[in-house]
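Visitor: This is coords16.cif, which holds mmCIF, C-alpha atoms; chains and numbers go by the auth columns:
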data_entry
#
loop_
_atom_site.group_PDB
_atom_site.id
_atom_site.type_symbol
_atom_site.label_atom_id
_atom_site.label_comp_id
_atom_site.label_asym_id
_atom_site.label_seq_id
_atom_site.Cartn_x
_atom_site.Cartn_y
_atom_site.Cartn_z
_atom_site.B_iso_or_equiv
_atom_site.auth_seq_id
_atom_site.auth_asym_id
ATOM 1 C CA THR A 1 -10.522 8.949 -2.457 0.00 144 A
ATOM 2 C CA VAL A 2 -7.613 6.772 -1.381 0.00 145 A
ATOM 3 C CA VAL A 3 -4.615 5.948 -3.567 0.00 146 A
ATOM 4 C CA VAL A 4 -2.941 2.676 -2.579 0.00 147 A
ATOM 5 C CA HIS A 5 0.557 2.169 -3.959 0.00 148 A
ATOM 6 C CA ALA A 6 1.751 -1.458 -4.244 0.00 149 A
ATOM 7 C CA ALA A 7 -1.906 -2.491 -4.213 0.00 150 A
ATOM 8 C CA ALA A 8 -1.078 -6.097 -5.151 0.00 151 A
ATOM 9 C CA SER A 9 1.255 -6.588 -2.191 0.00 152 A
ATOM 10 C CA GLY A 10 0.147 -8.183 1.059 0.00 153 A
ATOM 11 C CA VAL A 11 -0.227 -4.839 2.840 0.00 154 A
ATOM 12 C CA GLY A 12 -1.603 -3.149 -0.274 0.00 155 A
ATOM 13 C CA SER A 13 -4.265 -5.803 -0.836 0.00 156 A
ATOM 14 C CA ALA A 14 -5.399 -5.376 2.772 0.00 157 A
ATOM 15 C CA ALA A 15 -5.439 -1.582 2.406 0.00 158 A
ATOM 16 C CA VAL A 16 -7.571 -1.799 -0.756 0.00 159 A
ATOM 17 C CA GLN A 17 -10.144 -3.958 1.013 0.00 160 A
ATOM 18 C CA VAL A 18 -10.266 -1.937 4.230 0.00 161 A
ATOM 19 C CA ALA A 19 -10.516 1.429 2.435 0.00 162 A
ATOM 20 C CA ALA A 20 -13.225 0.166 0.068 0.00 163 A
ATOM 21 C CA GLY A 21 -15.048 -1.441 2.998 0.00 164 A
ATOM 22 C CA LEU A 22 -15.093 1.899 4.781 0.00 165 A
ATOM 23 C CA GLY A 23 -16.707 3.526 1.749 0.00 166 A
ATOM 24 C CA ALA A 24 -13.687 5.180 0.152 0.00 167 A
ATOM 25 C CA ARG A 25 -13.192 5.335 -3.574 0.00 168 A
ATOM 26 C CA VAL A 26 -9.970 3.361 -4.047 0.00 169 A
ATOM 27 C CA ILE A 27 -7.415 3.961 -6.785 0.00 170 A
ATOM 28 C CA ALA A 28 -5.069 0.975 -6.797 0.00 171 A
ATOM 29 C CA VAL A 29 -1.579 1.462 -8.193 0.00 172 A
ATOM 30 C CA ALA A 30 0.236 -1.764 -9.010 0.00 173 A
ATOM 31 C CA GLY A 31 3.366 -2.818 -10.883 0.00 174 A
ATOM 32 C CA SER A 32 1.636 -4.197 -13.970 0.00 175 A
ATOM 33 C CA ALA A 33 -1.725 -4.193 -15.715 0.00 176 A
ATOM 34 C CA ASP A 34 -2.292 -7.771 -14.480 0.00 177 A
ATOM 35 C CA LYS A 35 -1.635 -6.815 -10.854 0.00 178 A
ATOM 36 C CA ALA A 36 -3.823 -3.731 -11.191 0.00 179 A
ATOM 37 C CA ALA A 37 -6.703 -5.859 -12.490 0.00 180 A
ATOM 38 C CA TRP A 38 -6.145 -8.254 -9.589 0.00 181 A
ATOM 39 C CA ALA A 39 -6.433 -5.314 -7.150 0.00 182 A
ATOM 40 C CA ALA A 40 -9.697 -4.318 -8.815 0.00 183 A
ATOM 41 C CA ALA A 41 -11.086 -7.748 -7.925 0.00 184 A
ATOM 42 C CA LEU A 42 -10.349 -6.917 -4.269 0.00 185 A
ATOM 43 C CA GLY A 43 -12.555 -3.827 -4.413 0.00 186 A
ATOM 44 C CA ALA A 44 -10.525 -1.054 -6.033 0.00 187 A
ATOM 45 C CA HIS A 45 -12.734 1.258 -8.060 0.00 188 A
ATOM 46 C CA ASP A 46 -9.991 2.405 -10.408 0.00 189 A
ATOM 47 C CA VAL A 47 -6.588 0.966 -11.234 0.00 190 A
ATOM 48 C CA VAL A 48 -3.343 2.461 -12.460 0.00 191 A
ATOM 49 C CA ASP A 49 -0.443 0.484 -13.859 0.00 192 A
ATOM 50 C CA ALA A 50 2.643 1.824 -12.052 0.00 193 A
ATOM 51 C CA SER A 51 4.683 1.172 -15.174 0.00 194 A
ATOM 52 C CA ALA A 52 2.440 3.564 -17.120 0.00 195 A
ATOM 53 C CA ALA A 53 4.156 6.591 -18.596 0.00 196 A
ATOM 54 C CA ASP A 54 2.634 9.109 -16.205 0.00 197 A
ATOM 55 C CA GLN A 55 0.678 7.717 -13.282 0.00 198 A
ATOM 56 C CA GLU A 56 0.610 11.185 -11.700 0.00 199 A
ATOM 57 C CA LYS A 57 -1.507 12.464 -14.595 0.00 200 A
ATOM 58 C CA GLU A 58 -3.678 9.354 -14.472 0.00 201 A
ATOM 59 C CA VAL A 59 -4.497 9.881 -10.782 0.00 202 A
ATOM 60 C CA ALA A 60 -5.199 13.544 -11.526 0.00 203 A
ATOM 61 C CA ARG A 61 -7.547 12.516 -14.352 0.00 204 A
ATOM 62 C CA LEU A 62 -9.349 9.988 -12.148 0.00 205 A
ATOM 63 C CA THR A 63 -9.871 12.591 -9.413 0.00 206 A
ATOM 64 C CA GLY A 64 -10.937 15.426 -11.688 0.00 207 A
ATOM 65 C CA GLY A 65 -7.630 17.190 -11.000 0.00 208 A
ATOM 66 C CA ARG A 66 -8.201 17.295 -7.221 0.00 209 A
ATOM 67 C CA GLY A 67 -5.902 14.490 -6.129 0.00 210 A
ATOM 68 C CA ALA A 68 -6.632 11.980 -3.395 0.00 211 A
ATOM 69 C CA GLU A 69 -7.619 12.775 0.170 0.00 212 A
ATOM 70 C CA VAL A 70 -5.371 9.917 1.350 0.00 213 A
ATOM 71 C CA VAL A 71 -2.322 8.375 -0.327 0.00 214 A
ATOM 72 C CA LEU A 72 -0.921 5.177 1.229 0.00 215 A
ATOM 73 C CA ASP A 73 2.711 4.677 0.250 0.00 216 A
ATOM 74 C CA ALA A 74 4.425 1.409 1.145 0.00 217 A
ATOM 75 C CA VAL A 75 6.981 1.791 -1.654 0.00 218 A
ATOM 76 C CA GLY A 76 9.048 4.829 -0.640 0.00 219 A
ATOM 77 C CA GLY A 77 11.992 6.010 -2.708 0.00 220 A
ATOM 78 C CA GLU A 78 10.905 7.964 -5.775 0.00 221 A
ATOM 79 C CA THR A 79 7.287 6.880 -5.245 0.00 222 A
ATOM 80 C CA PHE A 80 7.065 8.956 -2.065 0.00 223 A
ATOM 81 C CA ALA A 81 7.628 12.184 -4.007 0.00 224 A
ATOM 82 C CA LEU A 82 4.936 11.049 -6.435 0.00 225 A
ATOM 83 C CA SER A 83 2.603 10.351 -3.506 0.00 226 A
ATOM 84 C CA LEU A 84 3.000 13.942 -2.336 0.00 227 A
ATOM 85 C CA ARG A 85 2.018 15.215 -5.776 0.00 228 A
ATOM 86 C CA GLN A 86 -1.007 12.881 -5.866 0.00 229 A
ATOM 87 C CA ALA A 87 -2.432 14.279 -2.613 0.00 230 A
ATOM 88 C CA ALA A 88 -5.385 16.643 -2.737 0.00 231 A
ATOM 89 C CA TYR A 89 -5.634 19.994 -1.010 0.00 232 A
ATOM 90 C CA SER A 90 -5.530 19.218 2.726 0.00 233 A
ATOM 91 C CA GLY A 91 -4.824 15.577 1.866 0.00 234 A
ATOM 92 C CA ARG A 92 -2.776 13.083 3.847 0.00 235 A
ATOM 93 C CA VAL A 93 0.175 11.004 2.717 0.00 236 A
ATOM 94 C CA ILE A 94 0.876 7.989 4.909 0.00 237 A
ATOM 95 C CA ALA A 95 4.332 6.427 4.619 0.00 238 A
ATOM 96 C CA LEU A 96 4.055 2.751 5.602 0.00 239 A
ATOM 97 C CA ALA A 97 7.416 1.410 4.448 0.00 240 A
ATOM 98 C CA ASN A 98 10.265 1.850 2.001 0.00 241 A
ATOM 99 C CA VAL A 99 10.499 -1.398 0.057 0.00 242 A
ATOM 100 C CA ALA A 100 12.351 0.524 -2.653 0.00 243 A
ATOM 101 C CA LEU A 101 15.237 0.752 -0.158 0.00 244 A
ATOM 102 C CA ARG A 102 16.192 4.114 -1.636 0.00 245 A
ATOM 103 C CA PRO A 103 16.098 7.585 -0.105 0.00 246 A
ATOM 104 C CA SER A 104 13.012 9.674 -0.728 0.00 247 A
ATOM 105 C CA THR A 105 13.700 13.148 -2.036 0.00 248 A
ATOM 106 C CA VAL A 106 11.009 15.573 -0.976 0.00 249 A
ATOM 107 C CA ASP A 107 10.254 18.878 -2.657 0.00 250 A
ATOM 108 C CA THR A 108 8.385 20.873 -0.036 0.00 251 A
ATOM 109 C CA ARG A 109 6.493 22.635 -2.835 0.00 252 A
ATOM 110 C CA ASP A 110 4.685 19.342 -3.479 0.00 253 A
ATOM 111 C CA PHE A 111 2.836 19.472 -0.165 0.00 254 A
ATOM 112 C CA TYR A 112 2.964 22.753 1.754 0.00 255 A
ATOM 113 C CA PRO A 113 0.923 24.828 -0.759 0.00 256 A
ATOM 114 C CA LYS A 114 -1.783 22.158 -0.485 0.00 257 A
ATOM 115 C CA ASN A 115 -1.661 22.129 3.320 0.00 258 A
ATOM 116 C CA ALA A 116 -1.103 18.387 3.015 0.00 259 A
ATOM 117 C CA THR A 117 -0.059 16.266 5.983 0.00 260 A
ATOM 118 C CA ILE A 118 2.680 13.641 5.938 0.00 261 A
ATOM 119 C CA ARG A 119 2.385 10.838 8.473 0.00 262 A
ATOM 120 C CA GLY A 120 4.492 7.820 9.184 0.00 263 A
ATOM 121 C CA PHE A 121 2.994 4.547 10.345 0.00 264 A
ATOM 122 C CA GLN A 122 4.847 1.559 11.730 0.00 265 A
ATOM 123 C CA LEU A 123 2.919 -0.927 13.853 0.00 266 A
ATOM 124 C CA THR A 124 5.949 -2.306 15.685 0.00 267 A
ATOM 125 C CA ASN A 125 7.015 1.171 16.743 0.00 268 A
ATOM 126 C CA LEU A 126 3.497 1.971 17.963 0.00 269 A
ATOM 127 C CA MET A 127 3.529 -1.190 20.062 0.00 270 A
ATOM 128 C CA GLU A 128 6.886 -0.204 21.557 0.00 271 A
ATOM 129 C CA HIS A 129 5.213 3.054 22.617 0.00 272 A
ATOM 130 C CA GLY A 130 2.229 1.421 24.310 0.00 273 A
ATOM 131 C CA TYR A 131 -0.302 0.616 21.583 0.00 274 A
ATOM 132 C CA ASP A 132 -2.026 -2.727 22.146 0.00 275 A
ATOM 133 C CA PRO A 133 -3.209 -4.073 18.760 0.00 276 A
ATOM 134 C CA ARG A 134 -5.278 -6.977 20.110 0.00 277 A
ATOM 135 C CA ALA A 135 -8.696 -5.293 19.867 0.00 278 A
ATOM 136 C CA ASP A 136 -8.015 -4.127 16.297 0.00 279 A
ATOM 137 C CA LEU A 137 -6.625 -7.527 15.328 0.00 280 A
ATOM 138 C CA ARG A 138 -9.729 -9.256 16.770 0.00 281 A
ATOM 139 C CA GLU A 139 -11.934 -6.981 14.671 0.00 282 A
ATOM 140 C CA ILE A 140 -9.924 -7.677 11.515 0.00 283 A
ATOM 141 C CA ALA A 141 -9.910 -11.435 12.196 0.00 284 A
ATOM 142 C CA ALA A 142 -13.686 -11.350 12.658 0.00 285 A
ATOM 143 C CA ARG A 143 -14.067 -9.507 9.331 0.00 286 A
ATOM 144 C CA VAL A 144 -11.876 -12.124 7.621 0.00 287 A
ATOM 145 C CA ALA A 145 -13.916 -14.937 9.227 0.00 288 A
ATOM 146 C CA ALA A 146 -17.138 -13.255 8.068 0.00 289 A
ATOM 147 C CA GLY A 147 -15.804 -13.058 4.516 0.00 290 A
ATOM 148 C CA ASP A 148 -15.647 -9.250 4.457 0.00 291 A
ATOM 149 C CA TYR A 149 -11.891 -9.323 3.857 0.00 292 A
ATOM 150 C CA ARG A 150 -9.771 -11.862 2.008 0.00 293 A
ATOM 151 C CA VAL A 151 -6.188 -12.720 2.854 0.00 294 A
ATOM 152 C CA PRO A 152 -4.831 -13.647 -0.560 0.00 295 A
ATOM 153 C CA VAL A 153 -2.055 -16.213 -0.222 0.00 296 A
ATOM 154 C CA GLU A 154 -0.268 -16.780 -3.494 0.00 297 A
ATOM 155 C CA ALA A 155 2.170 -19.419 -2.307 0.00 298 A
ATOM 156 C CA VAL A 156 3.132 -21.517 0.686 0.00 299 A
ATOM 157 C CA VAL A 157 6.879 -22.158 0.806 0.00 300 A
ATOM 158 C CA PRO A 158 8.680 -24.490 3.245 0.00 301 A
ATOM 159 C CA LEU A 159 10.865 -22.612 5.709 0.00 302 A
ATOM 160 C CA GLU A 160 14.006 -24.288 4.388 0.00 303 A
ATOM 161 C CA ARG A 161 13.300 -22.606 1.023 0.00 304 A
ATOM 162 C CA ALA A 162 12.712 -19.155 2.540 0.00 305 A
ATOM 163 C CA HIS A 163 15.363 -17.695 0.244 0.00 306 A
ATOM 164 C CA GLU A 164 13.090 -18.487 -2.735 0.00 307 A
ATOM 165 C CA ALA A 165 10.218 -16.619 -1.102 0.00 308 A
ATOM 166 C CA HIS A 166 12.461 -13.621 -0.470 0.00 309 A
ATOM 167 C CA GLU A 167 13.696 -13.675 -4.060 0.00 310 A
ATOM 168 C CA ARG A 168 10.084 -13.576 -5.295 0.00 311 A
ATOM 169 C CA LEU A 169 9.319 -10.668 -3.001 0.00 312 A
ATOM 170 C CA GLU A 170 12.415 -8.813 -4.175 0.00 313 A
ATOM 171 C CA ARG A 171 11.380 -9.337 -7.812 0.00 314 A
ATOM 172 C CA ARG A 172 7.894 -8.100 -6.872 0.00 315 A
ATOM 173 C CA ASP A 173 6.218 -10.799 -8.913 0.00 316 A
ATOM 174 C CA ASN A 174 3.858 -11.931 -6.159 0.00 317 A
ATOM 175 C CA ARG A 175 0.248 -10.958 -5.554 0.00 318 A
ATOM 176 C CA GLY A 176 -0.781 -11.011 -1.918 0.00 319 A
ATOM 177 C CA LYS A 177 1.113 -12.976 0.706 0.00 320 A
ATOM 178 C CA ILE A 178 3.783 -15.636 0.462 0.00 321 A
ATOM 179 C CA VAL A 179 3.581 -17.795 3.586 0.00 322 A
ATOM 180 C CA LEU A 180 6.476 -19.765 5.073 0.00 323 A
ATOM 181 C CA SER A 181 5.454 -23.138 6.459 0.00 324 A
ATOM 182 C CA VAL A 182 7.107 -25.061 9.277 0.00 325 A
ATOM 183 C CA ARG A 183 6.814 -28.837 9.429 0.00 326 A
#
Starting from the file, lay out its structure as structure tokens.
Guide:
Amino acid sequence: TVVVHAAASGVGSAAVQVAAGLGARVIAVAGSADKAAWAAALGAHDVVDASAADQEKEVARLTGGRGAEVVLDAVGGETFALSLRQAAYSGRVIALANVALRPSTVDTRDFYPKNATIRGFQLTNLMEHGYDPRADLREIAARVAAGDYRVPVEAVVPLERAHEAHERLERRDNRGKIVLSVR
């Protein structure tokens, strides 16, 4: 079971598809019921509205109280602490970003009794330390070309209006990618 926070974002929508394609049961967490339903159309098995009163209890209910083996957190801030609580015994929490732009407060009691692992992942940093992504990117591109994965593009915005694209991203009212175009 994989929980994907921000499942309607560009990275989240990719994570939903890849995890489901690898056979995982995906629980998509998104910022509204509409976005959660959209993530379900990408392959999520269950959806949770992040604005729901207690998404921690909802993930627990969906996993029979076990929690998820993997929690992908691209939100950070307060969501990271929630991610730790959503992890199963011996689960893994992967921090991909901190779009919340707020510190994450960690209570060690949320992960050490479960023997959970916290990992960070940043592609740029991996590349700076020798990772060559070309083989993986070729595989992903081939899967997109074959129709296995979709790259949902919600809007194409001219570069000179990039500020509008950023404002939409900051409001979190997009689903998938917003692409900047150059004439």
Visitor: Atom CA of A:Ala187 to atom CA of A:Ser156: how many Å, to one decimal?
Guide: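 So the answer is 9.4 Å.
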Visitor: Point out the residue among A:Ala285, A:Ala298, A:Ala278, A:Arg293 with the least atom-to-atom distance to A:Ala184, counting all atoms listed in the file.
Guide: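 Of A:Ala285, A:Ala298, A:Ala278, A:Arg293, the one nearest A:Ala184 is A:Arg293, counting all atoms listed in the file.
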Visitor: Restricting the calculation to all atoms listed in the file: of A:Val300, A:Asp253, A:Asn258, A:Val294, which residue gets closest to A:Leu323?
Guide: A:Val300
Visitor: Name every residue that the PyMOL selection byres ((chain A and resi 224) around 8) selects in this structure, writing the answer as JSON, numbers by chain with chains first and numbers rising.
Guide: {"A": [220, 221, 222, 223, 225, 226, 227, 228, 247, 248, 249, 250, 253]}
Visitor: Using only C-alpha atoms - which residues lie no farther than 9 Å from the point (4.9, 4.1, 0.5) in the file's frame? Write them as a count of residues only.
Guide: 21
Visitor: Given the PyMOL selection byres ((chain A and resi 167) around 10) and the file above, list the residues it selects as an MDAnalysis selection string.
Guide: chainID A and resid 144:146 159:166 168:170 187:188 212:213
Visitor: For atom CA of A:Arg286 and atom CA of A:Val322, quote the distance in Å rounded to one decimal.
Guide: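 Value for the atom CA of A:Arg286-atom CA of A:Val322 distance: 20.3 Å.
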Visitor: What is the atom CA of A:Gln229-atom CA of A:Ala203 distance in Å, reported with one decimal?
Guide: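 Taking atom CA of A:Gln229 as the start and atom CA of A:Ala203 as the end point, the length is 7.1 Å.
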Visitor: Name the residues that the PyMOL selection byres ((chain A and resi 180) around 12) picks from the file above, as a VMD selection string, using the file's chain letters and numbers.
Guide: chain A and resid 150 to 151 156 170 to 179 181 to 192 318
Visitor: Given the choices A:Phe254, A:Leu269, A:Glu199, A:Ser152, which gets closest to A:Arg314 if the distance is worked out from all atoms listed in the file?
Guide: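 Going through A:Phe254, A:Leu269, A:Glu199, A:Ser152 one by one, the smallest distance to A:Arg314 is for A:Ser152.
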Visitor: Rank nothing, just name the residue among A:Arg326, A:Arg245, A:Arg235, A:Arg277 nearest to A:Thr260, using only C-alpha atoms.
Guide: A:Arg235
Visitor: Pick the closest to A:Gln198 from A:Val287, A:Gly210, A:Ala305, A:Ala259: which is it, counting only C-alpha atoms?
Guide: A:Gly210
Visitor: Missing atoms in stretch 230-241 of chain A should be modelled up to all heavy atoms and reported as an mmCIF file, in the coordinates of the input.
Guide:
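Output file out.cif is given in full below:
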data_model
loop_
_atom_site.group_PDB
_atom_site.id
_atom_site.type_symbol
_atom_site.label_atom_id
_atom_site.label_comp_id
_atom_site.auth_asym_id
_atom_site.auth_seq_id
_atom_site.Cartn_x
_atom_site.Cartn_y
_atom_site.Cartn_z
ATOM 1 N N ALA A 230 -1.541 13.891 -3.706
ATOM 2 C CA ALA A 230 -2.432 14.279 -2.613
ATOM 3 C C ALA A 230 -3.251 15.507 -2.992
ATOM 4 O O ALA A 230 -2.770 16.418 -3.659
ATOM 5 C CB ALA A 230 -1.623 14.570 -1.353
ATOM 6 N N ALA A 231 -4.478 15.514 -2.520
ATOM 7 C CA ALA A 231 -5.385 16.643 -2.737
ATOM 8 C C ALA A 231 -5.066 17.775 -1.768
ATOM 9 O O ALA A 231 -4.263 17.616 -0.834
ATOM 10 C CB ALA A 231 -6.832 16.185 -2.517
ATOM 11 N N TYR A 232 -5.721 18.909 -1.972
ATOM 12 C CA TYR A 232 -5.634 19.994 -1.010
ATOM 13 C C TYR A 232 -6.069 19.449 0.347
ATOM 14 O O TYR A 232 -7.097 18.793 0.466
ATOM 15 C CB TYR A 232 -6.533 21.176 -1.411
ATOM 16 C CG TYR A 232 -6.484 22.282 -0.397
ATOM 17 C CD1 TYR A 232 -5.446 23.201 -0.409
ATOM 18 C CD2 TYR A 232 -7.444 22.366 0.606
ATOM 19 C CE1 TYR A 232 -5.364 24.193 0.540
ATOM 20 C CE2 TYR A 232 -7.366 23.354 1.569
ATOM 21 C CZ TYR A 232 -6.331 24.273 1.538
ATOM 22 O OH TYR A 232 -6.245 25.241 2.492
ATOM 23 N N SER A 233 -5.275 19.674 1.369
ATOM 24 C CA SER A 233 -5.530 19.218 2.726
ATOM 25 C C SER A 233 -5.532 17.687 2.836
ATOM 26 O O SER A 233 -6.083 17.126 3.777
ATOM 27 C CB SER A 233 -6.848 19.794 3.259
ATOM 28 O OG SER A 233 -6.867 19.736 4.654
ATOM 29 N N GLY A 234 -4.895 17.030 1.855
ATOM 30 C CA GLY A 234 -4.824 15.577 1.866
ATOM 31 C C GLY A 234 -3.774 15.059 2.829
ATOM 32 O O GLY A 234 -3.031 15.834 3.458
ATOM 33 N N ARG A 235 -3.733 13.730 2.953
ATOM 34 C CA ARG A 235 -2.776 13.083 3.847
ATOM 35 C C ARG A 235 -1.993 12.037 3.080
ATOM 36 O O ARG A 235 -2.572 11.256 2.323
ATOM 37 C CB ARG A 235 -3.502 12.405 5.004
ATOM 38 C CG ARG A 235 -4.149 13.404 5.947
ATOM 39 C CD ARG A 235 -5.170 12.751 6.819
ATOM 40 N NE ARG A 235 -6.344 12.503 5.959
ATOM 41 C CZ ARG A 235 -7.407 11.830 6.323
ATOM 42 N NH1 ARG A 235 -7.467 11.294 7.504
ATOM 43 N NH2 ARG A 235 -8.418 11.661 5.512
ATOM 44 N N VAL A 236 -0.691 12.032 3.289
ATOM 45 C CA VAL A 236 0.175 11.004 2.717
ATOM 46 C C VAL A 236 0.712 10.191 3.887
ATOM 47 O O VAL A 236 1.306 10.738 4.812
ATOM 48 C CB VAL A 236 1.338 11.616 1.903
ATOM 49 C CG1 VAL A 236 2.270 10.528 1.382
ATOM 50 C CG2 VAL A 236 0.790 12.456 0.751
ATOM 51 N N ILE A 237 0.456 8.884 3.838
ATOM 52 C CA ILE A 237 0.876 7.989 4.909
ATOM 53 C C ILE A 237 2.005 7.115 4.385
ATOM 54 O O ILE A 237 1.814 6.340 3.450
ATOM 55 C CB ILE A 237 -0.284 7.090 5.387
ATOM 56 C CG1 ILE A 237 -1.577 7.887 5.595
ATOM 57 C CG2 ILE A 237 0.133 6.300 6.622
ATOM 58 C CD1 ILE A 237 -1.510 8.958 6.643
ATOM 59 N N ALA A 238 3.179 7.247 4.983
ATOM 60 C CA ALA A 238 4.332 6.427 4.619
ATOM 61 C C ALA A 238 4.326 5.191 5.498
ATOM 62 O O ALA A 238 4.436 5.284 6.724
ATOM 63 C CB ALA A 238 5.624 7.215 4.799
ATOM 64 N N LEU A 239 4.156 4.012 4.867
ATOM 65 C CA LEU A 239 4.055 2.751 5.602
ATOM 66 C C LEU A 239 5.348 1.955 5.581
ATOM 67 O O LEU A 239 5.533 1.078 6.422
ATOM 68 C CB LEU A 239 2.951 1.880 4.984
ATOM 69 C CG LEU A 239 1.558 2.484 4.933
ATOM 70 C CD1 LEU A 239 0.642 1.624 4.092
ATOM 71 C CD2 LEU A 239 1.013 2.637 6.332
ATOM 72 N N ALA A 240 6.187 2.192 4.591
ATOM 73 C CA ALA A 240 7.416 1.410 4.448
ATOM 74 C C ALA A 240 8.281 2.066 3.385
ATOM 75 O O ALA A 240 7.919 3.107 2.821
ATOM 76 C CB ALA A 240 7.093 -0.031 4.048
ATOM 77 N N ASN A 241 9.408 1.427 3.098
ATOM 78 C CA ASN A 241 10.265 1.850 2.001
ATOM 79 C C ASN A 241 10.865 0.593 1.387
ATOM 80 O O ASN A 241 12.040 0.307 1.550
ATOM 81 C CB ASN A 241 11.354 2.810 2.488
ATOM 82 C CG ASN A 241 12.149 3.402 1.344
ATOM 83 O OD1 ASN A 241 12.256 2.820 0.264
ATOM 84 N ND2 ASN A 241 12.733 4.563 1.563
#
